[in-house]
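As structure tokens, the structure follows; a few thoughts come after it.
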Amino acid sequence: MSTTVAKQLPWWLSPTMVGVGFAAFVVYATWVIFLGAHYEYKNYLSPFYSPLILIPNFPLSPAILVTWIPLGFRATCYYYRKAYYRSFFWDPPACAIGELRGERYNGETKFPFILQNIHRYFFYGAIFIWIVLAVDTVKAFLFDGHLGMGLGSLIFLINIVLLGLYTFSCHSWRHLIGGNIDCFSCSRATKMRHGIWERVSVLNQNHMLWAWTSLFSVSLTDVYVRLLAMGIIPADLRFF
Ligand code: FES
């Protein structure tokens with residue numbers, strides 16, 4: 001979409017579309033997490049259920065034990081915060097639009113939104129989940145101990161790449177790499193950190209893109225595994 005066309009669109013269109021997209025994901029994810037079934041098909045495991053923690057006599061879905069980490073990571077993400085503040089709270093609703101609820105604005109300085117600062121800790125958890133999902137992706141290419149590739153393998157691969165781009169374009173990660181340094185050129189170690197920081201900054205510029213595409217790929221991966229597990233898709237399409 002060109003900038004000129006974007007400027008001609010009403011300001012409320014973007015937050016409304018974002019709100020619809022979020023609402024669709026929240027409804028789907030809630031259903032998947034609480035269902036507790038159809039999350040596995042042969043060597044494919046739904047990313048909502050990984051790592052799979054099965055506790056005997058645990059009355060709830062095993063997804064509840066793990067999904068709080070990636071969902072907490074997304075809920076406190078700088079981009080998502082901006083997006084859902086606009087879409088759901090209309091506070092502020094968009095760029096260059098005045099406050100709809102008067103002048104008082106506490107932002108994230110008070111409870112409960114001050115808790116958003118926990119994001120950097122969710123980032124550590126998200127790295128752990130990403131490593132687990134990377135192992136799942138390797139397993140998605142192993143069929144009875146032999147290397148192979150199905151449509152599911154490809155979907156898992158695309159998903160882990162997009163999740164990696166999203167996770168490692170995180171603002172907290174960028175700060176961790178390049179923050180708290182007064183001089184980048186003063187030592188070999190700080191020069192190396194500067195080089196990594198520059199690369200992370202390039203990823204970071206498209207953080208919104210990775211946020212949306214990875215949200216879609218996680219859902220798509222679950223849908224594919226689920227349809228196979230339910231027998232709606234009779235078999236995985238195998239390339240070799
Ligand atoms: S800022 Fe979005 S994941 Fe950290």
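Letters A, B, ... mark the chains of the structure tokens in the order given; residue numbers begin at 1 per chain; ligand numbers begin at 1, in order shown.
Contacts with ligand 1 are defined as any residue atom within 8 Å of a ligand atom, using only C-alpha atoms and all ligand atoms; the residues meeting this criterion are Phe73, Arg74, Thr76, Cys77, Tyr78, Tyr79, Tyr80, His119, Arg120, Phe123, Tyr166, Thr167, Phe168, Ser169, Cys170, His171, Ser172, Trp173, His207, Met208 and Ala211 of chain A.
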Discussion item. I want to know what sits within 12 Å of region 129-135 of chain A, based on only C-alpha atoms, with residues of the same chain fewer than 5 positions away left out; could you give that as a PyMOL selection string?
Written reply: chain A and resi 43-52+66-71+73+122-124+140-142+153+156-168+214+218+221
Item to complete: Write down as an NGL selection string the residues of region 55-234 of chain A whose backbone DSSP state falls under alpha helix (DSSP H).
Response: :A and (68-75 or 78-84 or 119-139 or 151-167 or 171-178 or 188-204 or 207-229)
Fill in: Which of region 60-216 of chain A DSSP labels strand (DSSP E), written as a PyMOL selection string
chain A and resi 142-143+146-147
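Nearest residue to Gly107 (chain A), choosing from A:Gly178, A:Tyr121, A:Phe88, A:Lys82 and counting only C-alpha atoms: A:Lys82.
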Worksheet entry | Near-Val225 (chain A) list (9 Å; only C-alpha atoms; drop same-chain fewer than 3 positions) as a list of chain:residue names |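 Using only C-alpha atoms, the neighbours found are A:His38, A:Tyr39, A:Glu40, A:Tyr41, A:Tyr44, A:Leu45, A:Ser46, A:Gly152, A:Leu220, A:Thr221, A:Asp222, A:Leu228, A:Ala229, A:Met230.
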Practice prompt. Name the closest residue to Phe239 (chain A) among the candidates A:Leu154, A:Val20, A:Ile181, A:Leu35; distances are taken between atoms, counting only C-alpha atoms.
Written response: A:Leu154
Discussion item. List as a list of chain:residue names the protein and nucleic acid residues near Val18 (chain A), meaning an atom at most 9 Å away when only C-alpha atoms are counted, but skip any in the same chain fewer than 4 places from it.
Written reply: A:Leu13, A:Ser14, A:Phe22, A:Ala23, A:Ala83, A:Tyr84, A:Arg86, A:Ser87
Please produce an output containing N, CA and C atoms for each residue in the selection, written as a PDB file, in the first residue's frame.
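File selection.pdb, as written:
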ATOM      1  N   LEU A  13      -9.369   2.594  10.685  1.00  0.00           N
ATOM      2  CA  LEU A  13      -9.351   1.319   9.961  1.00  0.00           C
ATOM      3  C   LEU A  13      -8.265   0.381  10.489  1.00  0.00           C
ATOM      4  N   SER A  14      -7.049   0.931  10.675  1.00  0.00           N
ATOM      5  CA  SER A  14      -5.940   0.084  11.120  1.00  0.00           C
ATOM      6  C   SER A  14      -6.187  -0.529  12.498  1.00  0.00           C
ATOM      7  N   PHE A  22      -6.471  -9.827  16.287  1.00  0.00           N
ATOM      8  CA  PHE A  22      -6.139 -10.279  17.649  1.00  0.00           C
ATOM      9  C   PHE A  22      -7.275 -11.121  18.229  1.00  0.00           C
ATOM     10  N   ALA A  23      -8.494 -10.604  18.070  1.00  0.00           N
ATOM     11  CA  ALA A  23      -9.647 -11.300  18.656  1.00  0.00           C
ATOM     12  C   ALA A  23      -9.749 -12.706  18.059  1.00  0.00           C
ATOM     13  N   ALA A  83      -0.304  -1.997  19.759  1.00  0.00           N
ATOM     14  CA  ALA A  83      -1.421  -2.390  18.915  1.00  0.00           C
ATOM     15  C   ALA A  83      -2.700  -2.597  19.720  1.00  0.00           C
ATOM     16  N   TYR A  84      -2.610  -3.327  20.859  1.00  0.00           N
ATOM     17  CA  TYR A  84      -3.887  -3.563  21.554  1.00  0.00           C
ATOM     18  C   TYR A  84      -4.319  -2.392  22.422  1.00  0.00           C
ATOM     19  N   ARG A  86      -4.256   0.530  21.243  1.00  0.00           N
ATOM     20  CA  ARG A  86      -5.017   1.294  20.250  1.00  0.00           C
ATOM     21  C   ARG A  86      -6.335   0.602  19.901  1.00  0.00           C
ATOM     22  N   SER A  87      -6.249  -0.716  19.676  1.00  0.00           N
ATOM     23  CA  SER A  87      -7.414  -1.428  19.146  1.00  0.00           C
ATOM     24  C   SER A  87      -8.492  -1.673  20.188  1.00  0.00           C
TER      25      SER A  87
END
Fill in: Gap from CA of Leu147 (chain A) to CA of Arg238 (chain A) - Å, one decimal
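These atoms are spaced 11.6 Å apart.
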Fill in: Point-to-point distance from CA of Phe143 (chain A) to CA of Ile233 (chain A), Å rounded to tenths
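CA of Phe143 (chain A) sits 18.2 Å away from CA of Ile233 (chain A).
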